[in-house]
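Here's structure-v7.txt, which has compact mmCIF, C-alpha atoms:
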```txt
# COMPACT_ATOMS: atom_id res chain seq x y z
CA MET J 1 -19.62 25.23 31.04
CA ARG J 2 -21.53 28.46 30.61
CA SER J 3 -20.78 31.59 28.68
CA SER J 4 -17.88 33.76 29.85
CA HIS J 5 -18.34 37.21 31.28
CA ALA J 6 -16.64 40.58 31.27
CA LEU J 7 -14.96 41.96 34.38
CA THR J 8 -15.62 45.57 35.30
CA SER J 9 -12.66 47.87 35.88
CA MET J 10 -10.89 47.58 39.20
CA CYS J 11 -9.85 51.20 38.89
CA SER J 12 -9.80 54.01 36.39
CA VAL J 13 -7.99 53.52 33.10
CA VAL J 14 -5.11 55.44 31.61
CA GLY J 15 -3.38 55.31 28.23
CA PRO J 16 -2.69 52.13 26.25
CA VAL J 17 0.61 50.29 26.35
CA ALA J 18 1.90 47.69 23.88
CA LEU J 19 3.55 44.56 25.25
CA GLY J 20 5.14 43.20 22.13
CA TYR J 21 1.75 42.36 20.65
CA GLY J 22 2.18 44.40 17.48
CA ALA J 23 -1.09 46.15 16.67
CA ALA J 24 -2.94 44.66 19.65
CA TRP J 25 -2.96 47.45 22.27
CA LEU J 26 -4.12 46.75 25.81
CA ARG J 27 -5.48 49.28 28.29
CA ILE J 28 -3.83 49.89 31.61
CA PRO J 29 -5.40 50.34 35.09
CA LYS J 30 -3.52 52.93 37.17
CA ARG J 31 -2.65 50.59 39.99
CA MET J 32 -1.66 47.52 38.01
CA CYS J 33 -0.35 49.01 34.77
CA GLY J 34 -3.48 47.67 33.13
CA THR J 35 -2.14 44.89 31.04
CA LEU J 36 -3.29 42.57 33.81
CA LEU J 37 -6.88 43.79 33.80
CA SER J 38 -7.21 44.23 30.05
CA ALA J 39 -5.60 40.91 29.19
CA TYR J 40 -7.96 39.19 31.63
CA SER J 41 -11.07 41.15 30.67
CA THR J 42 -13.51 39.92 28.06
CA ALA J 43 -16.04 41.66 25.86
CA CYS J 44 -13.88 43.48 23.33
CA CYS J 45 -16.60 42.16 21.05
CA ARG J 46 -20.33 42.59 21.65
CA ARG J 47 -21.12 39.05 20.61
CA LYS J 48 -22.12 36.70 23.40
CA ALA J 49 -21.09 33.08 22.95
CA PRO J 50 -23.92 30.55 23.00
CA ALA J 51 -24.15 28.64 26.26
CA PRO J 52 -22.89 25.07 25.83
CA GLU J 53 -25.27 22.28 26.76
CA PRO J 54 -24.18 19.72 29.36
CA ILE J 55 -22.83 16.57 27.75
CA GLU J 56 -21.34 13.40 29.11
CA ALA J 57 -18.14 13.87 27.10
CA LEU J 58 -17.37 17.20 28.72
CA PRO J 59 -14.21 16.70 30.80
CA GLU J 60 -14.34 17.04 34.52
CA ALA J 61 -11.48 19.55 34.34
CA VAL J 62 -13.68 22.18 32.72
CA PRO J 63 -15.03 24.61 35.35
CA ASP J 64 -18.76 25.33 35.50
CA LEU J 65 -18.93 29.13 35.40
CA PRO J 66 -21.90 30.91 36.99
CA GLU J 67 -24.32 32.57 34.61
CA LEU J 68 -24.19 36.36 34.85
CA SER J 69 -26.64 39.01 33.85
CA VAL J 70 -25.31 41.59 31.38
CA ASP J 71 -27.37 44.21 33.22
CA LYS J 72 -25.56 43.59 36.51
CA PRO J 73 -21.78 43.93 36.18
CA LEU J 74 -19.67 41.58 38.21
CA LYS J 75 -18.23 43.09 41.37
CA PRO J 76 -14.54 43.77 40.75
CA ALA J 77 -12.27 41.15 42.22
CA GLY J 78 -9.28 42.15 44.30
CA GLU J 79 -5.98 42.46 42.49
CA GLN J 80 -4.35 39.66 44.45
CA SER J 81 -7.21 37.22 43.88
CA LEU J 82 -7.04 38.09 40.18
CA ILE J 83 -3.32 37.29 40.16
CA ASP J 84 -4.01 33.96 41.86
CA GLU J 85 -6.66 33.13 39.27
CA MET J 86 -4.30 33.96 36.41
CA LEU J 87 -1.70 31.68 37.95
CA SER J 88 -4.26 28.88 37.95
CA GLN J 89 -4.78 29.56 34.23
CA SER J 90 -1.03 29.21 33.49
CA ARG J 91 -0.73 32.87 32.48
CA TYR J 92 2.51 33.23 34.41
CA ALA J 93 4.34 34.84 31.48
CA LEU J 94 1.91 37.76 31.56
CA LEU J 95 2.47 38.20 35.29
CA LEU J 96 6.25 38.35 34.77
CA ARG J 97 6.04 41.33 32.43
CA PRO J 98 7.86 44.42 33.80
CA GLN J 99 4.56 46.33 33.90
CA ILE J 100 2.93 43.78 36.23
CA ILE J 101 5.56 41.94 38.23
CA GLY J 102 5.69 44.66 40.90
CA ASN J 103 2.11 43.88 41.92
CA LEU J 104 2.93 40.31 42.95
CA THR J 105 3.45 39.42 46.58
CA PRO J 106 6.68 37.56 47.42
CA GLY J 107 4.75 34.31 47.59
CA GLN J 108 3.05 34.92 44.26
CA LEU J 109 6.38 35.81 42.66
CA ILE J 110 7.89 32.52 43.82
CA ARG J 111 4.89 30.59 42.47
CA THR J 112 5.02 32.49 39.18
CA GLN J 113 8.71 31.87 38.63
CA ALA J 114 8.22 28.21 39.53
CA ALA J 115 5.40 27.98 36.98
CA LEU J 116 7.69 29.45 34.32
CA ALA J 117 10.45 26.96 35.12
CA ASP J 118 7.97 24.09 35.06
CA GLY J 119 6.11 25.10 31.90
CA MET J 120 8.90 26.46 29.69
CA CYS J 121 12.53 25.72 28.85
CA LEU J 122 15.24 28.33 28.53
CA VAL J 123 17.04 28.17 25.18
CA PRO J 124 20.32 30.11 25.41
CA SER J 125 21.47 32.64 22.87
CA GLY J 126 23.53 31.38 19.97
CA GLU J 127 23.57 30.60 16.27
CA VAL J 128 21.40 28.29 14.21
CA VAL J 129 21.45 27.38 10.52
CA LEU J 130 18.25 26.87 8.56
CA HIS J 131 18.42 25.00 5.28
CA PRO J 132 15.85 23.54 2.89
CA SER J 133 14.47 20.12 3.72
CA ALA J 134 15.87 18.79 0.46
CA ASP J 135 19.32 19.26 1.95
CA ASP J 136 18.24 17.20 4.92
CA GLU J 137 17.36 14.18 2.79
CA ASP J 138 21.02 13.27 2.28
CA GLY J 139 21.09 11.34 5.53
CA GLY J 140 21.28 14.27 7.87
CA ASN J 141 24.51 16.16 7.52
CA ARG J 142 24.78 17.66 10.97
CA PHE J 143 27.80 19.79 9.99
CA SER J 144 25.96 22.54 8.19
CA ASN J 145 27.64 25.53 6.61
CA ARG J 146 25.43 25.81 3.51
CA ARG J 147 23.58 28.85 4.78
CA THR J 148 24.48 31.87 6.84
CA PRO J 149 24.02 31.22 10.57
CA LEU J 150 21.33 33.28 12.30
CA ARG J 151 22.03 34.79 15.70
CA ILE J 152 19.21 34.11 18.18
CA ASP J 153 18.94 35.76 21.58
CA ALA J 154 17.88 33.81 24.66
CA TYR J 155 14.21 32.87 24.84
CA TYR J 156 11.79 30.52 26.56
CA LEU J 157 9.86 27.81 24.70
CA ASP J 158 6.93 25.80 26.05
CA ARG J 159 8.08 22.45 27.38
CA TYR J 160 5.02 20.76 25.80
CA PRO J 161 2.56 21.60 23.01
CA ALA J 162 -0.51 23.55 24.14
CA THR J 163 -3.11 21.11 25.49
CA ASN J 164 -6.88 20.88 25.30
CA ALA J 165 -7.17 21.75 28.99
CA GLN J 166 -5.04 24.87 28.57
CA PHE J 167 -7.00 26.01 25.53
CA GLN J 168 -10.24 25.38 27.43
CA GLN J 169 -9.20 28.08 29.89
CA PHE J 170 -8.85 30.48 26.98
CA VAL J 171 -12.32 29.58 25.72
CA ALA J 172 -13.90 29.76 29.19
CA CYS J 173 -12.45 33.23 29.77
CA GLY J 174 -14.01 34.53 26.56
CA GLY J 175 -10.92 34.43 24.41
CA TYR J 176 -13.00 34.41 21.24
CA GLU J 177 -14.67 37.66 22.37
CA GLN J 178 -11.51 39.67 23.07
CA LEU J 179 -10.79 41.35 19.77
CA ALA J 180 -7.71 43.10 21.19
CA ILE J 181 -5.78 39.81 21.16
CA TRP J 182 -6.75 38.92 17.57
CA ASP J 183 -5.11 40.18 14.39
CA GLN J 184 -7.33 42.91 13.00
CA GLU J 185 -7.40 41.33 9.54
CA ILE J 186 -9.18 38.28 10.95
CA TRP J 187 -11.86 40.07 13.00
CA PRO J 188 -14.65 39.36 10.47
CA ALA J 189 -13.87 35.62 10.62
CA VAL J 190 -13.65 35.10 14.39
CA LEU J 191 -17.37 34.29 14.55
CA ASP J 192 -16.70 31.35 12.23
CA PHE J 193 -14.15 29.71 14.53
CA VAL J 194 -16.60 27.28 16.12
CA ASP J 195 -16.71 23.61 17.05
CA GLN J 196 -18.95 20.85 15.68
CA THR J 197 -21.97 22.26 17.52
CA GLY J 198 -21.49 25.95 16.77
CA HIS J 199 -19.84 26.97 20.03
CA PRO J 200 -16.62 29.02 20.00
CA GLY J 201 -13.65 26.69 20.08
CA PRO J 202 -11.49 24.23 18.13
CA ARG J 203 -13.04 22.57 15.12
CA PHE J 204 -13.30 19.03 16.55
CA TRP J 205 -14.71 19.89 19.97
CA ARG J 206 -18.41 19.49 20.75
CA LYS J 207 -20.67 21.77 22.81
CA GLY J 208 -17.75 23.84 24.00
CA GLY J 209 -15.71 20.92 25.33
CA TYR J 210 -12.93 18.62 24.22
CA PRO J 211 -13.34 14.81 24.07
CA ASN J 212 -13.44 13.07 27.40
CA GLY J 213 -10.04 11.77 28.48
CA GLU J 214 -8.07 14.11 26.19
CA ALA J 215 -7.38 16.98 28.58
CA ASN J 216 -3.63 16.48 28.23
CA HIS J 217 -3.64 15.86 24.47
CA PRO J 218 -2.37 18.66 22.22
CA VAL J 219 -5.16 20.91 21.01
CA VAL J 220 -5.81 20.56 17.27
CA GLY J 221 -8.42 21.95 14.89
CA ILE J 222 -7.21 25.49 15.47
CA CYS J 223 -5.91 27.79 12.76
CA TRP J 224 -2.80 29.95 12.93
CA TYR J 225 -4.83 32.97 14.07
CA GLU J 226 -6.38 31.04 16.95
CA ALA J 227 -2.94 29.87 18.08
CA ARG J 228 -1.68 33.45 17.90
CA ALA J 229 -4.63 34.81 19.91
CA TYR J 230 -4.13 32.20 22.63
CA ALA J 231 -0.44 33.06 22.83
CA ARG J 232 -1.22 36.74 23.34
CA TRP J 233 -3.84 35.93 25.97
CA ALA J 234 -1.22 33.92 27.85
CA GLY J 235 1.36 36.72 27.60
CA LYS J 236 3.47 34.82 25.06
CA ARG J 237 3.77 34.56 21.27
CA LEU J 238 4.37 31.96 18.58
CA GLY J 239 8.01 31.03 18.11
CA THR J 240 9.85 31.64 14.86
CA ASP J 241 11.22 28.91 12.59
CA ALA J 242 14.73 29.67 13.78
CA GLU J 243 13.71 29.36 17.44
CA TRP J 244 11.93 26.06 16.80
CA VAL J 245 14.95 24.58 14.97
CA LYS J 246 17.38 25.84 17.60
CA ALA J 247 15.41 24.20 20.42
CA GLY J 248 15.34 20.89 18.57
CA SER J 249 18.77 20.66 16.97
CA TRP J 250 20.52 22.39 19.93
CA PRO J 251 23.48 23.68 17.85
CA VAL J 252 27.00 23.49 19.23
CA SER J 253 29.48 26.10 18.05
CA MET J 254 33.22 25.42 18.22
CA ALA J 255 35.97 27.71 16.98
CA GLY J 256 37.23 26.73 13.54
CA HIS J 257 34.51 24.11 13.09
CA PRO J 258 31.18 24.18 11.22
CA LEU J 259 28.10 24.54 13.38
CA LEU J 260 27.12 21.17 14.85
CA GLU J 261 23.36 20.47 14.68
CA ARG J 262 21.36 17.35 15.49
CA ARG J 263 19.06 15.82 12.90
CA TYR J 264 16.54 14.83 15.61
CA PRO J 265 16.21 16.23 19.14
CA TRP J 266 17.75 13.02 20.51
CA GLY J 267 20.55 12.59 17.96
CA ASP J 268 21.20 11.73 14.31
CA ALA J 269 19.31 8.44 13.85
CA MET J 270 15.56 7.94 13.66
CA ASP J 271 14.18 6.00 16.61
CA ARG J 272 10.42 5.57 16.36
CA GLU J 273 10.16 4.63 20.01
CA ARG J 274 10.92 8.28 20.74
CA ALA J 275 8.11 9.91 18.75
CA ASN J 276 4.43 9.41 17.90
CA LEU J 277 4.71 8.89 14.14
CA TRP J 278 3.12 6.58 11.59
CA GLY J 279 3.75 3.00 12.71
CA SER J 280 5.08 3.89 16.16
CA GLY J 281 1.94 5.19 17.86
CA PRO J 282 -1.79 4.44 18.12
CA GLY J 283 -2.65 6.37 14.95
CA ARG J 284 -4.02 9.39 16.81
CA THR J 285 -2.82 12.07 19.20
CA VAL J 286 -1.50 11.04 22.60
CA SER J 287 -0.84 12.89 25.83
CA VAL J 288 1.93 15.49 25.59
CA ASP J 289 3.96 13.71 28.26
CA GLN J 290 4.16 10.42 26.36
CA PHE J 291 7.27 9.40 24.39
CA PRO J 292 9.59 10.99 26.99
CA LEU J 293 12.69 9.54 25.29
CA GLY J 294 12.20 12.02 22.46
CA VAL J 295 12.97 15.03 24.67
CA SER J 296 15.49 17.55 23.37
CA VAL J 297 18.78 18.39 25.03
CA GLY J 298 17.17 21.46 26.57
CA GLY J 299 14.14 19.59 27.93
CA VAL J 300 11.52 20.32 25.23
CA HIS J 301 9.14 17.41 24.55
CA GLN J 302 7.46 16.21 21.36
CA LEU J 303 9.13 18.58 18.93
CA ILE J 304 8.98 15.59 16.62
CA GLY J 305 5.69 13.73 16.15
CA ASN J 306 2.20 13.82 17.69
CA VAL J 307 1.17 17.08 15.95
CA TRP J 308 2.66 19.56 13.52
CA GLU J 309 3.24 22.95 15.16
CA TRP J 310 2.44 26.41 13.81
CA THR J 311 5.31 28.91 13.87
CA ALA J 312 5.23 32.67 13.43
CA ASP J 313 6.83 32.64 9.99
CA ALA J 314 5.30 32.80 6.53
CA PHE J 315 5.56 29.86 4.14
CA ILE J 316 6.29 30.62 0.49
CA LEU J 317 6.15 28.01 -2.26
CA GLU J 318 9.13 27.99 -4.60
CA ASP J 319 6.97 27.96 -7.74
CA ALA J 320 4.46 30.52 -6.47
CA ALA J 321 5.64 33.27 -8.82
CA PRO J 322 3.23 36.21 -9.06
CA GLU J 323 1.09 36.31 -12.18
CA THR J 324 -0.28 39.36 -13.91
CA ASN J 325 -3.82 40.13 -12.74
CA ALA J 326 -3.82 36.96 -10.64
CA ALA J 327 -6.13 36.76 -7.65
CA PRO J 328 -4.44 37.16 -4.25
CA GLN J 329 -3.24 33.84 -2.88
CA PRO J 330 -4.33 32.65 0.58
CA LYS J 331 -1.76 33.34 3.28
CA MET J 332 0.33 30.33 4.26
CA LYS J 333 2.24 29.76 7.50
CA SER J 334 5.06 27.46 8.45
CA VAL J 335 4.55 24.20 10.36
CA ARG J 336 7.25 22.04 11.91
CA GLY J 337 7.86 18.65 13.50
CA GLY J 338 5.61 16.08 11.82
CA ALA J 339 2.55 14.41 13.35
CA TYR J 340 1.15 11.04 14.35
CA ASP J 341 0.25 10.36 10.70
CA THR J 342 3.62 11.42 9.24
CA TYR J 343 5.00 8.47 7.26
CA LEU J 344 8.40 9.57 5.94
CA ASP J 345 11.37 9.93 8.28
CA THR J 346 12.61 12.86 6.21
CA GLN J 347 9.49 14.83 7.16
CA ALA J 348 10.09 14.32 10.87
CA THR J 349 13.44 16.05 11.40
CA CYS J 350 14.50 19.25 13.08
CA GLN J 351 15.14 20.88 9.71
CA PHE J 352 12.09 19.78 7.71
CA ARG J 353 9.68 22.63 7.09
CA SER J 354 6.24 22.52 5.55
CA GLY J 355 3.30 24.88 5.49
CA ASP J 356 -0.46 25.21 5.44
CA TYR J 357 -3.06 27.90 4.96
CA ALA J 358 -3.26 30.25 7.94
CA LEU J 359 -7.01 29.54 8.20
CA ALA J 360 -6.59 25.74 8.09
CA ARG J 361 -8.04 23.94 11.11
CA LYS J 362 -6.51 20.50 10.66
CA HIS J 363 -6.73 17.35 12.76
CA ASN J 364 -2.94 17.14 13.07
CA ILE J 365 -1.73 20.73 13.60
CA GLY J 366 -1.25 22.26 17.04
CA PHE J 367 1.22 24.76 18.48
CA ARG J 368 3.42 25.75 21.36
CA CYS J 369 4.34 29.23 22.60
CA ALA J 370 7.55 31.16 23.16
CA ILE J 371 8.60 34.39 24.81
CA GLY J 372 11.81 36.39 24.58
CA MET J 373 13.85 36.55 27.74
CA CYS J 374 14.11 40.28 27.21
CA ASP J 375 10.31 40.52 27.62
CA LEU J 376 10.39 39.15 31.16
CA LYS J 377 11.76 40.74 34.30
CA ASN J 378 13.98 39.19 36.96
CA THR J 379 13.75 35.63 35.67
CA ASP J 380 17.37 34.67 35.01
CA SER J 381 20.29 37.05 34.82
CA SER J 382 22.67 34.48 33.34
CA ALA J 383 21.42 34.76 29.76
CA GLU J 384 21.98 37.69 27.50
CA PRO J 385 19.00 39.97 26.92
CA GLY J 386 18.07 41.10 23.44
CA HIS J 387 15.35 41.11 20.84
CA LEU J 388 14.40 38.03 18.90
CA PRO J 389 13.86 38.20 15.16
CA GLN J 390 10.25 38.70 14.14
CA GLU J 391 10.46 36.23 11.27
CA SER J 392 13.08 33.91 9.86
CA PRO J 393 14.01 34.06 6.17
CA ALA J 394 11.45 32.19 4.09
CA ILE J 395 12.60 28.79 2.84
CA ALA J 396 10.92 27.45 -0.27
CA GLU J 397 9.74 23.88 0.08
CA ALA J 398 7.01 21.53 -1.08
CA PRO J 399 3.79 21.40 0.96
CA ARG J 400 2.93 18.45 3.16
```

As structure tokens - that is how I would like this structure written.
Amino acid sequence: MRSSHALTSMCSVVGPVALGYGAAWLRIPKRMCGTLLSAYSTACCRRKAPAPEPIEALPEAVPDLPELSVDKPLKPAGEQSLIDEMLSQSRYALLLRPQIIGNLTPGQLIRTQAALADGMCLVPSGEVVLHPSADDEDGGNRFSNRRTPLRIDAYYLDRYPATNAQFQQFVACGGYEQLAIWDQEIWPAVLDFVDQTGHPGPRFWRKGGYPNGEANHPVVGICWYEARAYARWAGKRLGTDAEWVKAGSWPVSMAGHPLLERRYPWGDAMDRERANLWGSGPGRTVSVDQFPLGVSVGGVHQLIGNVWEWTADAFILEDAAPETNAAPQPKMKSVRGGAYDTYLDTQATCQFRSGDYALARKHNIGFRCAIGMCDLKNTDSSAEPGHLPQESPAIAEAPR
């Protein structure tokens, strides 16, 4: 794999438009409403990534990109070929944005909607109750009325955790050079997000590539900011704690009855044949399509086990009371679901919540993406549109 390049403008550029990315503003080409071009373009940063050296461990799935001269801009690709390329990169959610969907041909629209249905699961609107993990250690009381239910609007959640192959597309397209998709507070640190050989990418990769044979394993060794940047690049976002719990516990609401929630995605009893946990797996990550019996009611896989998953929400320790003149504490973010090295059953439930430093690049933390149904156009008229909460209420718990 060689270094990524920057596309030149397909047409002149008009004012910026925000697509739910907070402070990350993208520029718009006149003909395509620009999110398409800007989200695909690289070089928001002047740094050029070092060219990876060929290695035997580099997976065959990684494309070999032609080397380009910075003095000779690449000839602009046609809009339709650009759309086709984005479809091949699984950036279907970006193509279904209202600002872009009108540029798709009928055939491309069918392929894009099929990619959404294949890659993500629709979680209907409804209520969910979040409660501390300590409450969940009583054997899993699925009739929960200890906390106020949260109303969640319909959204899509990735069917599987993000894989090495998917994240490789982000790296190959210069994702670490596009400052517009990164939180501004982390800009000075992006240059430090490198692999074992100094190339941009997850911590445990080498020479710009993931280990051979692990294309379909969940990507790990990425911090919260890297997960967030990938999600923006793909036209999605990280899900909230409430969204993650709702997808796993699949609450059932009945009049005059407490909200019914499952302890595990498959039911109320631990079954280690359904999840890659300590003692039930090979002691390392496995492909995201393994342990199919652990699928949730809505079709989401591996919410429990294999890797912990970053969510959008902050994590606050119960005893982290502010001290006078104390130095600022590192930012912590929520993780859910347990991993292949999780030993206790109580830490591998739909309700258990832990946290880690936002800059942590651990061997057992990955992520999956979400997107609000209200952010997409003409995908499914049966669910209610609306805005999802930006963050769930913080729940104080002990760290992993």

Nearby residues (only C-alpha atoms) at most 7 Å from Val335 in chain J, same-chain spacing under 5 positions excluded, as a PyMOL selection string: chain J and resi 308-311+353-355

Just write the chosen residues, C-alpha atoms, as a PDB file, in the coordinates of the input.
```pdb
ATOM      1  CA  TRP J 308       2.660  19.560  13.520  1.00  0.00           C
ATOM      2  CA  GLU J 309       3.240  22.950  15.160  1.00  0.00           C
ATOM      3  CA  TRP J 310       2.440  26.410  13.810  1.00  0.00           C
ATOM      4  CA  THR J 311       5.310  28.910  13.870  1.00  0.00           C
ATOM      5  CA  ARG J 353       9.680  22.630   7.090  1.00  0.00           C
ATOM      6  CA  SER J 354       6.240  22.520   5.550  1.00  0.00           C
ATOM      7  CA  GLY J 355       3.300  24.880   5.490  1.00  0.00           C
TER       8      GLY J 355
END
```

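Between Gln302 in chain J and the candidates J:Ala162, J:Phe352, J:Gly239, J:Glu214, the tightest atom-to-atom separation, counting only C-alpha atoms, involves J:Ala162.
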
Residue neighbourhood Trp182 in chain J, 9 Å, all atoms listed in the file, exclusion window fewer than 3 positions, as a list in words: Ala24, Tyr176, Gln178, Leu179, Glu185, Ile186, Trp187, Val190, Tyr225, Glu226, Arg228, Ala229, Tyr230 and Arg232 of chain J

Write out the residues from the selection above, keeping C-alpha atoms, as a PDB file, in the frame of the given file.
```
ATOM      1  CA  ALA J  24      -2.940  44.660  19.650  1.00  0.00           C
ATOM      2  CA  TYR J 176     -13.000  34.410  21.240  1.00  0.00           C
ATOM      3  CA  GLN J 178     -11.510  39.670  23.070  1.00  0.00           C
ATOM      4  CA  LEU J 179     -10.790  41.350  19.770  1.00  0.00           C
ATOM      5  CA  GLU J 185      -7.400  41.330   9.540  1.00  0.00           C
ATOM      6  CA  ILE J 186      -9.180  38.280  10.950  1.00  0.00           C
ATOM      7  CA  TRP J 187     -11.860  40.070  13.000  1.00  0.00           C
ATOM      8  CA  VAL J 190     -13.650  35.100  14.390  1.00  0.00           C
ATOM      9  CA  TYR J 225      -4.830  32.970  14.070  1.00  0.00           C
ATOM     10  CA  GLU J 226      -6.380  31.040  16.950  1.00  0.00           C
ATOM     11  CA  ARG J 228      -1.680  33.450  17.900  1.00  0.00           C
ATOM     12  CA  ALA J 229      -4.630  34.810  19.910  1.00  0.00           C
ATOM     13  CA  TYR J 230      -4.130  32.200  22.630  1.00  0.00           C
ATOM     14  CA  ARG J 232      -1.220  36.740  23.340  1.00  0.00           C
TER      15      ARG J 232
END
```

Contacts of His301 in chain J within 10 Å, only C-alpha atoms, excl. fewer than 6 positions in-chain, as a list in words: Cys121, Asp158, Arg159, Tyr160, Pro161, Gly248, Pro265, Ala275, Val288, Asp289, Gln290, Phe291, Pro292, Leu293, Gly294 and Val295 of chain J

Selected residue, from J:Leu277, J:Cys374, J:Ala234, J:Ile365, that lies nearest to Tyr343 in chain J when counting all atoms listed in the file: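 Smallest separation from Tyr343 in chain J among the options: J:Leu277.
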
Which of J:Asp195, J:Asp153, J:Asp313, J:Asp345 sits closest to Met270 in chain J [using all atoms listed in the file]: J:Asp345

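Nearest to Ile100 in chain J of all the residues J:Cys173, J:Ile83, J:Val220, J:Leu191 is J:Ile83, counting all atoms listed in the file.
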
Shell around Arg361 in chain J at 7 Å using all atoms listed in the file, local window under 4 positions removed, as a ChimeraX atom specification: /J:203,221-223

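Those residues that approach Arg262 in chain J to within 8 Å, counting all atoms listed in the file, are Arg142, Gly248, Ser249, Trp250, Pro251, Pro265, Trp266, Gly267, Asp268 and Cys350 of chain J; same-chain residues fewer than 3 positions away are not listed.
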
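Between CA of Ser296 in chain J and CA of Thr349 in chain J the separation is 12.2 Å.
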
Between CA of Val194 in chain J and CA of Lys207 in chain J - distance in Å to one decimal: 9.6 Å

Residue nearest Met120 in chain J - candidates J:Gly174, J:Gly209, J:Gly305, J:Gly298, atoms counted: only C-alpha atoms: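 Closest to Met120 in chain J, using only C-alpha atoms: J:Gly298.
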
Distance of CA of Arg284 in chain J from CA of Leu238 in chain J, expressed in Å to one decimal place: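 Interatomic distance, CA of Leu238 in chain J to CA of Arg284 in chain J: 24.1 Å.
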
Sorted by chain and rising residue number, list the residues of range 150-195 of chain J at most 8 Å from range 124-131 of chain J (counting only C-alpha atoms), each with its closest atom pair and distance in Å to one decimal, as CSV.
```
residue,atom,partner,partner_atom,distance
J:Leu150,CA,J:Glu127,CA,5.3
J:Arg151,CA,J:Glu127,CA,4.5
J:Ile152,CA,J:Ser125,CA,5.4
J:Asp153,CA,J:Ser125,CA,4.2
J:Ala154,CA,J:Ser125,CA,4.2
J:Tyr155,CA,J:Pro124,CA,6.7
```

Write the residues you've just listed into a file as a short mmCIF file (atom, residue, chain, number, x, y, z; two decimals), in the frame of the given file, and include C-alpha atoms for each of them.
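The file below, again.cif, is the result:
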```cif
data_model
loop_
_atom_site.label_atom_id
_atom_site.label_comp_id
_atom_site.auth_asym_id
_atom_site.auth_seq_id
_atom_site.Cartn_x
_atom_site.Cartn_y
_atom_site.Cartn_z
CA LEU J 150 21.33 33.28 12.30
CA ARG J 151 22.03 34.79 15.70
CA ILE J 152 19.21 34.11 18.18
CA ASP J 153 18.94 35.76 21.58
CA ALA J 154 17.88 33.81 24.66
CA TYR J 155 14.21 32.87 24.84
#
```

Within-6 Å shell of (5.0, 15.8, 16.6) in input frame, all atoms listed in the file, as a PyMOL selection string: chain J and resi 302-308+337-339

Shortest interatomic distance to Ser90 in chain J - which of J:Ala360, J:Ala312, J:Ala115, J:Leu109, counting all atoms listed in the file: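 Of J:Ala360, J:Ala312, J:Ala115, J:Leu109, the one nearest Ser90 in chain J is J:Ala115, counting all atoms listed in the file.
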